[in-house]
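Engineer: Sharing start-v2.cif below, mmCIF, C-alpha atoms:
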data_upload
#
loop_
_atom_site.label_atom_id
_atom_site.label_comp_id
_atom_site.auth_asym_id
_atom_site.auth_seq_id
_atom_site.Cartn_x
_atom_site.Cartn_y
_atom_site.Cartn_z
CA MET P 1 -26.40 147.84 39.65
CA GLU P 2 -27.74 144.46 38.77
CA GLU P 3 -26.19 143.09 35.60
CA LYS P 4 -28.85 142.31 33.05
CA ARG P 5 -26.92 140.73 30.25
CA ASP P 6 -27.75 137.10 30.57
CA TRP P 7 -29.30 137.06 27.13
CA LEU P 8 -25.89 137.35 25.55
CA GLN P 9 -25.34 133.80 26.75
CA MET P 10 -28.58 132.71 25.13
CA PRO P 11 -28.15 129.57 23.07
CA ASP P 12 -27.65 130.21 19.36
CA GLU P 13 -30.82 128.44 18.43
CA ILE P 14 -32.73 131.09 20.34
CA MET P 15 -30.83 134.25 19.50
CA GLY P 16 -30.07 133.08 15.97
CA GLY P 17 -32.92 130.76 15.19
CA MET P 18 -35.77 132.55 16.94
CA ILE P 19 -34.83 136.22 16.78
CA LEU P 20 -32.15 137.16 14.27
CA GLN P 21 -33.37 134.75 11.62
CA ARG P 22 -36.66 136.61 11.54
CA LEU P 23 -34.91 139.72 10.31
CA ASN P 24 -34.51 140.71 6.73
CA ALA P 25 -31.40 139.29 5.00
CA ILE P 26 -30.35 142.81 4.12
CA GLN P 27 -30.51 143.93 7.72
CA ILE P 28 -28.56 140.88 8.85
CA LEU P 29 -25.77 141.48 6.38
CA GLU P 30 -25.74 145.25 6.61
CA SER P 31 -26.02 145.66 10.35
CA VAL P 32 -26.91 142.73 12.62
CA GLN P 33 -23.72 140.81 11.94
CA LYS P 34 -21.68 143.88 12.80
CA VAL P 35 -23.13 144.22 16.31
CA CYS P 36 -20.57 142.05 18.09
CA ARG P 37 -18.36 139.00 17.60
CA ASN P 38 -20.94 136.59 18.87
CA TRP P 39 -23.61 137.83 16.50
CA ARG P 40 -21.22 137.74 13.61
CA ARG P 41 -20.51 134.10 14.39
CA ILE P 42 -24.25 133.38 14.55
CA CYS P 43 -24.83 135.20 11.25
CA LYS P 44 -22.30 132.96 9.54
CA ASP P 45 -24.08 129.81 10.57
CA PRO P 46 -25.71 128.09 7.57
CA GLU P 47 -28.73 127.43 9.82
CA MET P 48 -29.47 131.16 9.59
CA TRP P 49 -29.73 131.00 5.83
CA LYS P 50 -32.03 128.12 5.08
CA MET P 51 -34.75 130.60 4.20
CA ILE P 52 -33.98 133.76 2.29
CA ASP P 53 -36.58 136.39 1.55
CA LEU P 54 -35.45 139.48 -0.32
CA ASP P 55 -37.76 142.17 -1.56
CA TYR P 56 -36.67 145.21 -3.52
CA TYR P 57 -39.63 147.15 -2.22
CA SER P 58 -39.05 146.36 1.43
CA CYS P 59 -35.40 147.26 1.11
CA ILE P 60 -36.34 150.69 -0.14
CA SER P 61 -38.63 151.29 2.78
CA ASN P 62 -36.48 151.94 5.77
CA THR P 63 -34.76 155.27 6.15
CA LYS P 64 -35.32 158.12 3.81
CA ASN P 65 -32.54 158.65 1.31
CA ASP P 66 -31.68 161.66 -0.77
CA PHE P 67 -34.24 160.79 -3.43
CA GLY P 68 -37.09 160.86 -0.98
CA TYR P 69 -37.18 157.07 -1.19
CA TYR P 70 -36.54 154.88 1.76
CA SER P 71 -33.65 152.54 1.59
CA TYR P 72 -31.45 150.20 3.56
CA ILE P 73 -28.91 150.66 0.86
CA SER P 74 -27.33 154.05 1.06
CA LYS P 75 -26.44 156.05 -1.97
CA PRO P 76 -22.73 155.82 -2.72
CA LYS P 77 -22.34 158.93 -4.83
CA ASN P 78 -24.02 162.26 -4.76
CA ASP P 79 -24.51 162.61 -8.48
CA PHE P 80 -26.68 159.50 -8.78
CA ASP P 81 -29.95 160.10 -10.55
CA TYR P 82 -32.99 157.95 -9.91
CA TYR P 83 -32.24 155.44 -12.66
CA SER P 84 -28.67 154.85 -11.67
CA TYR P 85 -29.85 154.52 -8.10
CA THR P 86 -32.35 151.83 -9.09
CA SER P 87 -29.78 149.87 -11.00
CA TYR P 88 -27.29 150.33 -8.19
CA THR P 89 -29.84 148.96 -5.71
CA ASN P 90 -30.50 146.02 -8.00
CA ASN P 91 -26.82 145.27 -8.15
CA CYS P 92 -26.48 145.50 -4.38
CA LEU P 93 -29.40 143.16 -3.91
CA GLU P 94 -27.92 140.70 -6.35
CA LYS P 95 -24.66 140.70 -4.42
CA LEU P 96 -26.46 140.42 -1.11
CA THR P 97 -28.40 137.45 -2.42
CA LYS P 98 -25.21 135.75 -3.53
CA GLU P 99 -23.63 136.34 -0.14
CA ALA P 100 -26.71 134.95 1.62
CA VAL P 101 -26.75 131.91 -0.67
CA HIS P 102 -23.03 131.44 -0.12
CA ARG P 103 -23.55 131.43 3.64
CA SER P 104 -26.22 128.77 3.40
CA ARG P 105 -23.49 126.35 2.25
CA GLY P 106 -25.87 124.40 0.11
CA GLU P 107 -28.51 124.17 2.85
CA LEU P 108 -30.90 126.69 1.29
CA ILE P 109 -34.39 125.26 1.05
CA HIS P 110 -36.64 128.26 0.63
CA ILE P 111 -36.08 131.44 -1.36
CA THR P 112 -38.27 134.40 -2.29
CA LEU P 113 -37.12 137.15 -4.63
CA LYS P 114 -39.28 140.17 -5.31
CA GLY P 115 -38.64 143.04 -7.66
CA PHE P 116 -35.10 142.20 -8.71
CA GLY P 117 -32.99 139.33 -9.98
CA THR P 118 -31.66 138.10 -13.28
CA ASP P 119 -31.18 134.82 -15.15
CA HIS P 120 -27.60 134.98 -14.02
CA LEU P 121 -28.57 135.21 -10.35
CA LEU P 122 -31.00 132.34 -10.66
CA ASP P 123 -28.33 130.28 -12.34
CA HIS P 124 -25.96 131.04 -9.49
CA ILE P 125 -28.55 130.08 -6.87
CA SER P 126 -29.31 126.83 -8.62
CA ARG P 127 -25.63 125.89 -8.78
CA CYS P 128 -25.18 126.39 -5.02
CA SER P 129 -28.50 125.11 -3.70
CA SER P 130 -29.38 121.63 -4.86
CA LYS P 131 -31.66 121.14 -1.81
CA LEU P 132 -33.93 124.05 -2.76
CA ASN P 133 -37.52 123.10 -2.16
CA TYR P 134 -39.40 126.38 -2.56
CA LEU P 135 -38.90 129.15 -5.10
CA HIS P 136 -41.03 132.26 -5.31
CA LEU P 137 -40.48 135.04 -7.85
CA THR P 138 -42.53 138.21 -8.05
CA ALA P 139 -41.85 140.90 -10.63
CA CYS P 140 -38.38 139.63 -11.48
CA ASP P 141 -38.36 141.39 -14.82
CA ASP P 142 -34.91 140.22 -15.81
CA VAL P 143 -35.63 136.56 -15.27
CA THR P 144 -36.76 134.98 -18.51
CA PRO P 145 -38.79 131.79 -18.81
CA TYR P 146 -35.81 130.25 -20.57
CA GLY P 147 -33.40 131.27 -17.81
CA LEU P 148 -35.78 129.93 -15.20
CA SER P 149 -36.31 126.53 -16.78
CA ASN P 150 -32.57 126.23 -17.29
CA ALA P 151 -31.85 126.96 -13.64
CA LEU P 152 -34.48 124.45 -12.61
CA LYS P 153 -32.43 121.68 -14.20
CA ARG P 154 -30.22 121.85 -11.14
CA LEU P 155 -33.09 121.94 -8.66
CA PRO P 156 -34.54 118.46 -8.79
CA HIS P 157 -35.90 118.70 -5.23
CA LEU P 158 -38.10 121.69 -5.92
CA GLU P 159 -41.64 121.06 -4.73
CA THR P 160 -43.11 124.55 -4.84
CA LEU P 161 -42.78 127.09 -7.63
CA GLU P 162 -44.60 130.42 -7.61
CA LEU P 163 -44.26 132.89 -10.44
CA TYR P 164 -46.02 136.22 -10.20
CA GLU P 165 -45.90 139.11 -12.64
CA PHE P 166 -43.75 136.85 -14.72
CA HIS P 167 -42.89 137.05 -18.42
CA VAL P 168 -45.37 135.04 -20.44
CA PRO P 169 -43.76 131.64 -20.93
CA LYS P 170 -44.14 129.44 -23.96
CA GLU P 171 -45.74 126.06 -23.80
CA GLU P 172 -42.36 124.35 -24.05
CA ASP P 173 -40.98 126.43 -21.16
CA ILE P 174 -43.71 125.08 -18.92
CA GLU P 175 -43.09 121.58 -20.09
CA LEU P 176 -39.41 121.96 -19.40
CA ILE P 177 -40.16 123.24 -15.90
CA GLY P 178 -42.22 120.14 -15.26
CA ARG P 179 -39.59 117.81 -16.67
CA ASN P 180 -36.81 119.44 -14.68
CA CYS P 181 -38.71 119.30 -11.41
CA PRO P 182 -40.25 115.86 -11.21
CA LEU P 183 -41.25 116.33 -7.56
CA LEU P 184 -43.15 119.58 -8.16
CA LYS P 185 -46.23 119.51 -5.92
CA SER P 186 -47.36 123.10 -5.98
CA PHE P 187 -47.32 125.45 -8.95
CA GLU P 188 -48.71 128.96 -9.10
CA MET P 189 -48.41 131.28 -12.04
CA GLU P 190 -49.69 134.71 -12.86
CA PRO P 191 -47.96 136.11 -15.93
CA MET P 192 -47.93 139.76 -16.77
CA CYS P 193 -50.65 139.15 -19.31
CA ALA P 194 -52.95 136.26 -19.99
CA GLY P 195 -51.39 133.74 -22.32
CA GLY P 196 -54.21 131.52 -23.38
CA ASP P 197 -54.80 127.91 -22.82
CA VAL P 198 -51.62 126.26 -23.97
CA TYR P 199 -50.36 125.87 -20.40
CA ALA P 200 -52.94 123.34 -19.37
CA ARG P 201 -51.61 120.84 -21.89
CA ALA P 202 -48.00 121.40 -20.90
CA ILE P 203 -48.85 121.09 -17.20
CA ALA P 204 -50.95 118.02 -17.74
CA LYS P 205 -48.13 116.43 -19.69
CA SER P 206 -45.23 117.26 -17.40
CA MET P 207 -46.41 117.74 -13.81
CA PRO P 208 -48.16 114.55 -12.77
CA GLU P 209 -47.31 114.94 -9.06
CA LEU P 210 -49.07 118.27 -8.56
CA ARG P 211 -51.19 118.64 -5.43
CA HIS P 212 -51.86 122.35 -5.82
CA LEU P 213 -52.22 124.39 -8.99
CA LYS P 214 -53.12 128.02 -9.40
CA LEU P 215 -53.25 129.57 -12.83
CA PHE P 216 -54.51 133.01 -12.22
CA GLY P 217 -56.32 134.38 -15.23
CA LEU P 218 -54.89 131.85 -17.63
CA MET P 219 -57.50 129.35 -18.59
CA ASP P 220 -59.62 129.92 -21.63
CA ASP P 221 -61.50 126.76 -22.28
CA ARG P 222 -62.84 123.61 -20.82
CA ASN P 223 -60.48 121.33 -22.74
CA GLY P 224 -57.65 122.69 -20.64
CA VAL P 225 -59.49 121.88 -17.43
CA GLN P 226 -60.20 118.39 -18.68
CA ALA P 227 -56.53 117.91 -19.60
CA ILE P 228 -55.41 118.96 -16.14
CA LEU P 229 -57.89 116.61 -14.50
CA ASN P 230 -56.47 113.78 -16.56
CA GLY P 231 -52.82 114.69 -16.27
CA CYS P 232 -52.63 115.58 -12.58
CA PRO P 233 -54.52 112.86 -10.75
CA HIS P 234 -53.33 113.88 -7.26
CA LEU P 235 -54.62 117.47 -7.33
CA GLU P 236 -56.14 118.55 -4.05
CA SER P 237 -56.48 122.21 -4.86
CA LEU P 238 -57.08 123.92 -8.18
CA ASP P 239 -57.53 127.64 -8.59
CA LEU P 240 -58.45 128.81 -12.07
CA ARG P 241 -60.01 132.12 -11.24
CA ARG P 242 -59.46 134.90 -13.67
CA CYS P 243 -57.81 138.13 -12.84
CA PRO P 244 -60.26 140.53 -11.23
CA TYR P 245 -60.26 142.74 -14.33
CA HIS P 246 -61.76 140.00 -16.46
CA ASP P 247 -65.51 140.46 -16.63
CA LEU P 248 -66.42 136.89 -17.22
CA ASP P 249 -65.88 133.85 -15.17
CA LEU P 250 -64.45 130.80 -16.77
CA ASP P 251 -67.07 129.22 -18.96
CA LEU P 252 -67.42 125.68 -17.71
CA ASP P 253 -70.40 123.46 -18.17
CA GLU P 254 -72.13 122.05 -15.14
CA ASN P 255 -70.89 118.53 -15.62
CA LEU P 256 -67.29 119.58 -15.71
CA VAL P 257 -67.70 121.74 -12.60
CA LYS P 258 -69.34 118.81 -10.87
CA LEU P 259 -66.54 116.51 -11.91
CA CYS P 260 -63.91 118.97 -10.67
CA LYS P 261 -65.64 119.36 -7.35
CA GLU P 262 -65.85 115.64 -6.92
CA ARG P 263 -62.23 115.07 -7.77
CA ILE P 264 -60.64 118.08 -6.13
CA LYS P 265 -61.12 119.07 -2.53
CA ASP P 266 -60.57 122.77 -3.10
CA PHE P 267 -61.72 123.91 -6.52
CA LYS P 268 -62.05 127.59 -7.41
CA TYR P 269 -62.88 128.92 -10.81
CA ASN P 270 -65.29 131.70 -10.23
CA ILE P 271 -64.42 135.03 -8.65
CA SER P 272 -67.87 135.77 -7.32
CA GLU P 273 -68.23 132.37 -5.73
CA SER P 274 -64.99 132.27 -3.79
CA ASP P 275 -63.44 135.46 -2.61
CA GLU P 276 -62.11 134.24 0.71
CA ASP P 277 -58.53 134.81 -0.40
CA MET K 1 -60.09 121.33 49.32
CA SER K 2 -57.04 123.44 48.83
CA LYS K 3 -54.99 123.10 45.68
CA LYS K 4 -51.37 122.11 45.93
CA THR K 5 -48.97 125.03 45.86
CA LEU K 6 -45.36 125.20 44.73
CA THR K 7 -42.75 127.75 45.72
CA LEU K 8 -40.30 129.12 43.17
CA MET K 9 -37.19 131.02 44.16
CA SER K 10 -35.62 133.66 41.95
CA LYS K 11 -31.89 134.21 41.67
CA ASP K 12 -32.16 137.12 44.15
CA LYS K 13 -33.76 134.70 46.63
CA GLN K 14 -37.32 135.97 46.46
CA LEU K 15 -40.05 133.40 46.90
CA PHE K 16 -43.13 133.09 44.71
CA ASN K 17 -46.05 130.79 45.31
CA ILE K 18 -48.03 129.29 42.49
CA GLU K 19 -50.59 126.54 42.25
CA GLU K 20 -49.02 123.36 40.98
CA HIS K 21 -51.54 122.76 38.20
CA LEU K 22 -50.62 126.18 36.76
CA ALA K 23 -46.90 125.84 37.33
CA VAL K 24 -46.68 122.63 35.34
CA GLN K 25 -47.30 124.56 32.12
CA SER K 26 -43.55 124.83 32.43
CA VAL K 27 -42.13 121.55 31.17
CA THR K 28 -39.09 121.98 33.40
CA ILE K 29 -41.24 122.25 36.52
CA ARG K 30 -43.49 119.46 35.34
CA ASN K 31 -40.49 117.15 35.11
CA MET K 32 -39.26 118.18 38.55
CA VAL K 33 -42.66 117.52 40.07
CA LYS K 34 -42.77 114.12 38.41
CA GLU K 35 -39.34 113.18 39.64
CA ASP K 36 -39.38 114.15 43.27
CA GLY K 37 -42.77 115.60 44.01
CA ALA K 38 -41.06 119.01 44.28
CA SER K 39 -42.12 119.41 47.86
CA SER K 40 -39.47 121.96 48.72
CA VAL K 41 -38.63 125.26 47.09
CA ILE K 42 -37.70 125.17 43.38
CA PRO K 43 -34.68 127.39 42.78
CA LEU K 44 -34.38 129.25 39.47
CA PRO K 45 -30.82 130.54 39.62
CA ARG K 46 -30.93 132.35 36.28
CA VAL K 47 -34.25 134.16 36.65
CA ASP K 48 -34.43 137.44 38.56
CA SER K 49 -37.45 138.37 40.65
CA GLU K 50 -38.85 140.96 38.23
CA THR K 51 -38.84 138.44 35.42
CA LEU K 52 -40.14 135.64 37.59
CA ALA K 53 -43.04 137.87 38.66
CA LEU K 54 -43.91 138.27 34.98
CA VAL K 55 -43.66 134.55 34.35
CA ILE K 56 -45.93 133.88 37.33
CA GLU K 57 -48.40 136.45 36.04
CA TYR K 58 -48.37 134.67 32.69
CA LEU K 59 -48.80 131.22 34.21
CA ASN K 60 -51.69 132.49 36.33
CA ARG K 61 -53.65 133.76 33.35
CA GLN K 62 -57.25 132.62 33.18
CA GLN K 63 -57.83 132.54 29.47
CA ALA K 64 -60.12 130.40 27.44
CA PRO K 65 -57.95 128.25 25.18
CA GLU K 66 -59.21 129.98 22.03
CA GLU K 67 -58.18 133.39 23.38
CA ASP K 68 -54.81 132.21 24.55
CA GLU K 69 -52.88 133.17 21.42
CA ASP K 70 -54.16 136.73 21.62
CA TYR K 71 -53.41 136.87 25.31
CA VAL K 72 -49.77 135.83 24.89
CA LYS K 73 -49.34 138.41 22.17
CA LYS K 74 -50.87 141.13 24.27
CA PHE K 75 -48.86 140.05 27.26
CA VAL K 76 -45.54 140.55 25.45
CA ASP K 77 -46.81 143.64 23.65
CA GLU K 78 -47.35 145.34 26.98
CA ARG K 79 -43.74 144.68 27.88
CA GLY K 80 -42.21 146.51 24.98
CA GLU K 81 -38.78 146.95 26.57
CA ILE K 82 -36.28 144.78 24.76
CA PRO K 83 -34.16 143.85 27.82
CA THR K 84 -37.32 142.81 29.70
CA LEU K 85 -38.44 140.72 26.73
CA LEU K 86 -35.07 139.03 26.42
CA GLU K 87 -35.03 138.23 30.13
CA LEU K 88 -38.50 136.84 29.69
CA ALA K 89 -37.43 134.77 26.67
CA GLN K 90 -34.45 133.46 28.61
CA ALA K 91 -36.63 132.53 31.58
CA ALA K 92 -39.21 130.91 29.31
CA LEU K 93 -36.39 128.95 27.74
CA ASP K 94 -35.06 127.74 31.10
CA LEU K 95 -38.55 126.85 32.26
CA ASP K 96 -39.49 125.43 28.88
CA ILE K 97 -42.66 127.45 28.30
CA LYS K 98 -42.70 127.38 24.55
CA LYS K 99 -45.56 129.74 23.76
CA LEU K 100 -44.17 132.48 25.94
CA MET K 101 -40.68 132.08 24.54
CA ASP K 102 -41.89 132.15 20.93
CA ALA K 103 -43.96 135.25 21.56
CA ALA K 104 -41.17 137.09 23.36
CA CYS K 105 -38.62 136.26 20.65
CA MET K 106 -41.00 137.29 17.91
CA LYS K 107 -41.66 140.58 19.65
CA VAL K 108 -37.93 141.29 19.97
CA ALA K 109 -37.41 140.53 16.28
CA ASP K 110 -40.32 142.85 15.48
CA LEU K 111 -38.88 145.64 17.57
CA ILE K 112 -35.36 145.53 16.19
CA LYS K 113 -36.54 144.99 12.61
CA ASP K 114 -35.95 148.54 11.51
CA PHE K 115 -33.09 149.38 13.83
CA THR K 116 -29.73 150.57 12.64
CA LEU K 117 -26.56 148.99 13.90
CA GLU K 118 -26.14 151.51 16.69
CA GLU K 119 -29.77 151.30 17.72
CA VAL K 120 -29.48 147.53 18.05
CA ARG K 121 -26.39 147.83 20.21
CA GLU K 122 -28.06 150.42 22.40
CA ALA K 123 -31.35 148.59 22.77
CA LEU K 124 -29.69 145.32 23.70
CA ARG K 125 -26.88 146.93 25.66
CA ILE K 126 -24.28 145.15 23.62
CA GLU K 127 -20.86 146.63 23.28
CA ASN K 128 -18.84 146.39 20.15
CA ASP K 129 -16.12 143.96 21.13
CA ARG K 130 -14.20 143.98 17.88
CA THR K 131 -10.75 145.36 17.35
CA PRO K 132 -10.19 148.08 14.73
CA GLU K 133 -8.52 145.43 12.53
CA GLU K 134 -11.59 143.23 12.67
CA GLU K 135 -13.76 146.26 11.89
CA LYS K 136 -11.74 146.93 8.81
CA ALA K 137 -11.89 143.30 7.72
CA ILE K 138 -15.68 143.46 7.85
CA ARG K 139 -15.81 146.69 5.93
CA ASP K 140 -13.59 145.19 3.24
CA GLU K 141 -15.62 142.02 3.11
CA PHE K 142 -18.83 143.84 2.37
CA GLN K 143 -18.23 146.09 -0.51
CA TRP K 144 -21.56 145.90 -2.24
CA ALA K 145 -20.82 148.92 -4.32
CA PHE K 146 -18.81 148.80 -7.51
#
What's the C-alpha cells form of this structure?
Structural biologist:
Amino acid sequence: MEEKRDWLQMPDEIMGGMILQRLNAIQILESVQKVCRNWRRICKDPEMWKMIDLDYYSCISNTKNDFGYYSYISKPKNDFDYYSYTSYTNNCLEKLTKEAVHRSRGELIHITLKGFGTDHLLDHISRCSSKLNYLHLTACDDVTPYGLSNALKRLPHLETLELYEFHVPKEEDIELIGRNCPLLKSFEMEPMCAGGDVYARAIAKSMPELRHLKLFGLMDDRNGVQAILNGCPHLESLDLRRCPYHDLDLDLDENLVKLCKERIKDFKYNISESDED
Amino acid sequence: MSKKTLTLMSKDKQLFNIEEHLAVQSVTIRNMVKEDGASSVIPLPRVDSETLALVIEYLNRQQAPEEDEDYVKKFVDERGEIPTLLELAQAALDLDIKKLMDAACMKVADLIKDFTLEEVREALRIENDRTPEEEKAIRDEFQWAF
C-alpha cells in the first residue's frame, strides 16, 4: 500500500504554526503534545505560545462529565460536588495558564482569559511576559482593579487592554493603568455595573496615546466627553454607547456631537443609530 | 490562438496538463517558468497523483475574485478527510499556493479541535513513538490536580 505519511515531515511552521497553534491551549497541553515525540517538541516551542486564549466556558464544553457538564478537565475524585468541581477546574486552568506562559519563554504577546484567573495569576503573567501587547479579561471575578493595575506595572509594552464584566474600578485605578501603560492605544471597559463619569477624567489625564476607546455604558455627562476629546487627541474611534438595558441614549448636545464626529473617524454614542456591531 | 500549456508530473509519474496562466498561481511554478520557460515536464516528486488532481482542480477554478474566499473554503470542506487535507496542505506548501494551504490547515485544525488524544493519533495515522519511561515522565510533568 502506498505510504501516506509525508505530512509528518511537514515543516514545524506549518504543523505547529498553522495547525496545532490554532487549537485550544488546554487541548495542546492535555492531549496534542502527547501524540508523538515530534509533536511534543513542536508544543514546547515558544513560537507556539505567543498567543494564549483560555476560556473557562469553552473548557467545560467538550465531553460530558459526571455532572452533566462538558469538560476537558476530568474529575479527579468521585465525591466532588459541583462547587468543588468548579474550584478544581479553576485551579487546573490557573496551572495550565502558568505552564503555557512558562513555555512562551517571555515571548507572549497576546493573552485572553475568560471566566477564571486571580490577581496572583495576573501577577505571575506580568513577571514572565514583559513583551505582552494585548490583554483581554472577561468575567475574571477574582481579579481586582488593584491587582490588575499592579500587574500592569510590569507590562510597559501593553497597547490593548479589554476588560469585560470587570469589577468597578476607582478613578485612581484607571489613572494608574494609564500611567503604567504609556503606550496604551486601545482601551475597552465594561464593568459589572455602571460606575458614573469619573473614568473620563482619569482616562483623559493618563492615556494620551489612545486611538480606540470603548466605555460601554459608562458615560453620564457631556463634561466627560469633552475631557476625553481634550485628553486623547489621537482618538480614531470612540464608542460611548450605553448598555442595551439603559433606556436613554447619552445626552449630548448637537454641537458636541458635531465636534466629536469631526474629530473622530468612528464615533458611536447612540444605540439606535449604530447597531452594526 | 491556443493558450500555452504546462505538464506537471506527480510522484507516481502521472502527467497532468494545465494552462500556464492558471498554473502560475503557484509561486513555485511561476518561478520555474520565469527561469527556464518550463518547456518540458515539471516533476513534483512529493505530490501523489490523487493530490495533484485536486490541486489542478483548484487551480482550474473559474471564480470571480470576490467569491474566491468562499470557493476555497468550500473546496476544502468537501474534502473532509484529514489525510487528504494534509496531503493537500503539503502539496500547496511545496507549490507555494498560500490560499489553499491556509484553508487546508485551518480545516485540519477545525476537525481535530475536539479530538481526544487517541482520536488525533487515529485520524492522522500517527503512532505513539514514546517509550514507557517517556510516557511516565509526561504523566508526572502534568499533574494539574492537587
Engineer: Within 7 Å of chain P, which residues of chain K are there when counting only C-alpha atoms? Please give them as a list in words.
Structural biologist: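 For chain K, the answer reads Leu86, Glu87, Gln90, Cys105, Met106, Val108, Ala109, Lys113, Asp114, Thr116, Leu117, Arg121, Glu127, Asn128, Asp129, Arg130, Trp144 and Ala145 of chain K.
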Engineer: Since I can't run it myself right now, could you work out what the PyMOL selection byres ((chain K and resi 21-37) around 7) selects here and report it as a VMD selection string?
Structural biologist: chain K and resid 18 to 20 38 to 39 59 to 60 95 to 97
Engineer: Show me, as AutoDock Vina command-line options, the centre and edge lengths in Å to one decimal of the axis-aligned box that covers every listed atom of range 42-57 of chain K with 5 Å on each side.
Structural biologist:
--center_x -39.6 --center_y 133.1 --center_z 38.9 --size_x 27.6 --size_y 25.8 --size_z 19.0
Engineer: In Å, how far is it from CA of Pro169 in chain P to CA of Leu113 in chain P?
Structural biologist: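 Taking CA of Pro169 in chain P as the start and CA of Leu113 in chain P as the end point, the length is 18.4 Å.
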Engineer: Please write as a list of chain:residue names the full residue list that the PyMOL selection byres ((chain P and resi 189) around 10) yields on this file.
Structural biologist: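 So the PyMOL selection byres ((chain P and resi 189) around 10), applied here, picks out P:Leu137, P:Thr138, P:Leu161, P:Glu162, P:Leu163, P:Tyr164, P:Glu165, P:Phe166, P:Val168, P:Phe187, P:Glu188, P:Glu190, P:Pro191, P:Met192, P:Leu213, P:Lys214, P:Leu215, P:Phe216, P:Gly217, P:Leu218.
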Engineer: One number please: CA of Leu238 in chain P to CA of Ser130 in chain P, in Å, one decimal.
Structural biologist: 28.0 Å
Engineer: Could you work out how far CA of Ala139 in chain P lies from CA of Tyr269 in chain P, giving the answer in Å with one decimal?
Structural biologist: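 Taking CA of Tyr269 in chain P as the start and CA of Ala139 in chain P as the end point, the length is 24.2 Å.
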Engineer: Here's the selection I'm unsure about, the PyMOL selection byres ((chain K and resi 15) around 12); applied to the file above, which residues does it give, as a list in words?
Structural biologist: Leu6, Thr7, Leu8, Met9, Ser10, Lys11, Asp12, Lys13, Gln14, Phe16, Asn17, Ile18, Ser40, Val41, Ile42, Pro43, Leu44, Val47, Asp48, Ser49, Glu50, Leu52, Ala53 and Ile56 of chain K
Engineer: Might you pull out every residue within 8 Å of Val143 in chain P, with only C-alpha atoms counted and same-chain residues fewer than 4 positions away left off, and present them as an NGL selection string?
Structural biologist: :P and (117-119 or 122 or 147-148 or 167)
Engineer: Would you pick out the contacts of Arg103 in chain P at 10 Å or less, using all atoms listed in the file, so that residues sharing its chain but fewer than 5 positions from it are not included, and give the list as a list in words?
Structural biologist: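 Contacts, in chain order: Cys43, Lys44, Asp45, Pro46, Glu47, Met48, Trp49, Lys50, Thr97, Lys98 and Leu108 of chain P.
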Engineer: Under the rule that all atoms listed in the file are counted, which of K:Val72, K:Val120, K:Ile126, K:Ile138 is the nearest residue to Ala103 in chain K?
Structural biologist: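 Answer, going by the shortest atom-to-atom distance: K:Val72.
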Engineer: Hey, which of K:Lys73, K:Arg46, K:Lys107, K:Lys3 ends up closest to Ala91 in chain K? Count all atoms listed in the file.
Structural biologist: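 Going through K:Lys73, K:Arg46, K:Lys107, K:Lys3 one by one, the smallest distance to Ala91 in chain K is for K:Arg46.
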Engineer: Would you please work out which residue, of P:Gly115, P:Pro156, P:Pro233, P:Pro182, is nearest to Leu132 in chain P when using all atoms listed in the file?
Structural biologist: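 Of the candidates, the smallest distance to Leu132 in chain P is held by P:Pro156.
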Engineer: Write out N, CA, C and O atoms for range 70-79 of chain K, as a CSV table (one decimal), keeping the file's coordinate frame.
Structural biologist:
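File produced: selection.csv:
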chain,number,residue,atom,x,y,z
K,70,ASP,N,-54.0,135.3,21.5
K,70,ASP,CA,-54.2,136.7,21.6
K,70,ASP,C,-53.6,137.2,22.9
K,70,ASP,O,-52.9,138.3,23.0
K,71,TYR,N,-53.9,136.5,24.0
K,71,TYR,CA,-53.4,136.9,25.3
K,71,TYR,C,-51.9,136.9,25.4
K,71,TYR,O,-51.3,137.9,25.8
K,72,VAL,N,-51.2,135.9,24.9
K,72,VAL,CA,-49.8,135.8,24.9
K,72,VAL,C,-49.2,137.0,24.1
K,72,VAL,O,-48.3,137.7,24.6
K,73,LYS,N,-49.8,137.3,23.0
K,73,LYS,CA,-49.3,138.4,22.2
K,73,LYS,C,-49.5,139.7,22.9
K,73,LYS,O,-48.5,140.5,23.0
K,74,LYS,N,-50.6,139.9,23.5
K,74,LYS,CA,-50.9,141.1,24.3
K,74,LYS,C,-49.9,141.2,25.5
K,74,LYS,O,-49.4,142.3,25.8
K,75,PHE,N,-49.7,140.1,26.1
K,75,PHE,CA,-48.9,140.0,27.3
K,75,PHE,C,-47.5,140.5,26.9
K,75,PHE,O,-46.9,141.4,27.6
K,76,VAL,N,-46.9,140.1,25.8
K,76,VAL,CA,-45.5,140.6,25.4
K,76,VAL,C,-45.6,142.0,24.9
K,76,VAL,O,-44.7,142.7,25.1
K,77,ASP,N,-46.7,142.3,24.2
K,77,ASP,CA,-46.8,143.6,23.6
K,77,ASP,C,-46.7,144.7,24.8
K,77,ASP,O,-46.2,145.8,24.6
K,78,GLU,N,-47.3,144.4,25.9
K,78,GLU,CA,-47.4,145.3,27.0
K,78,GLU,C,-46.0,145.5,27.6
K,78,GLU,O,-45.8,146.4,28.4
K,79,ARG,N,-45.1,144.5,27.3
K,79,ARG,CA,-43.7,144.7,27.9
K,79,ARG,C,-42.8,145.0,26.7
K,79,ARG,O,-42.0,144.2,26.3
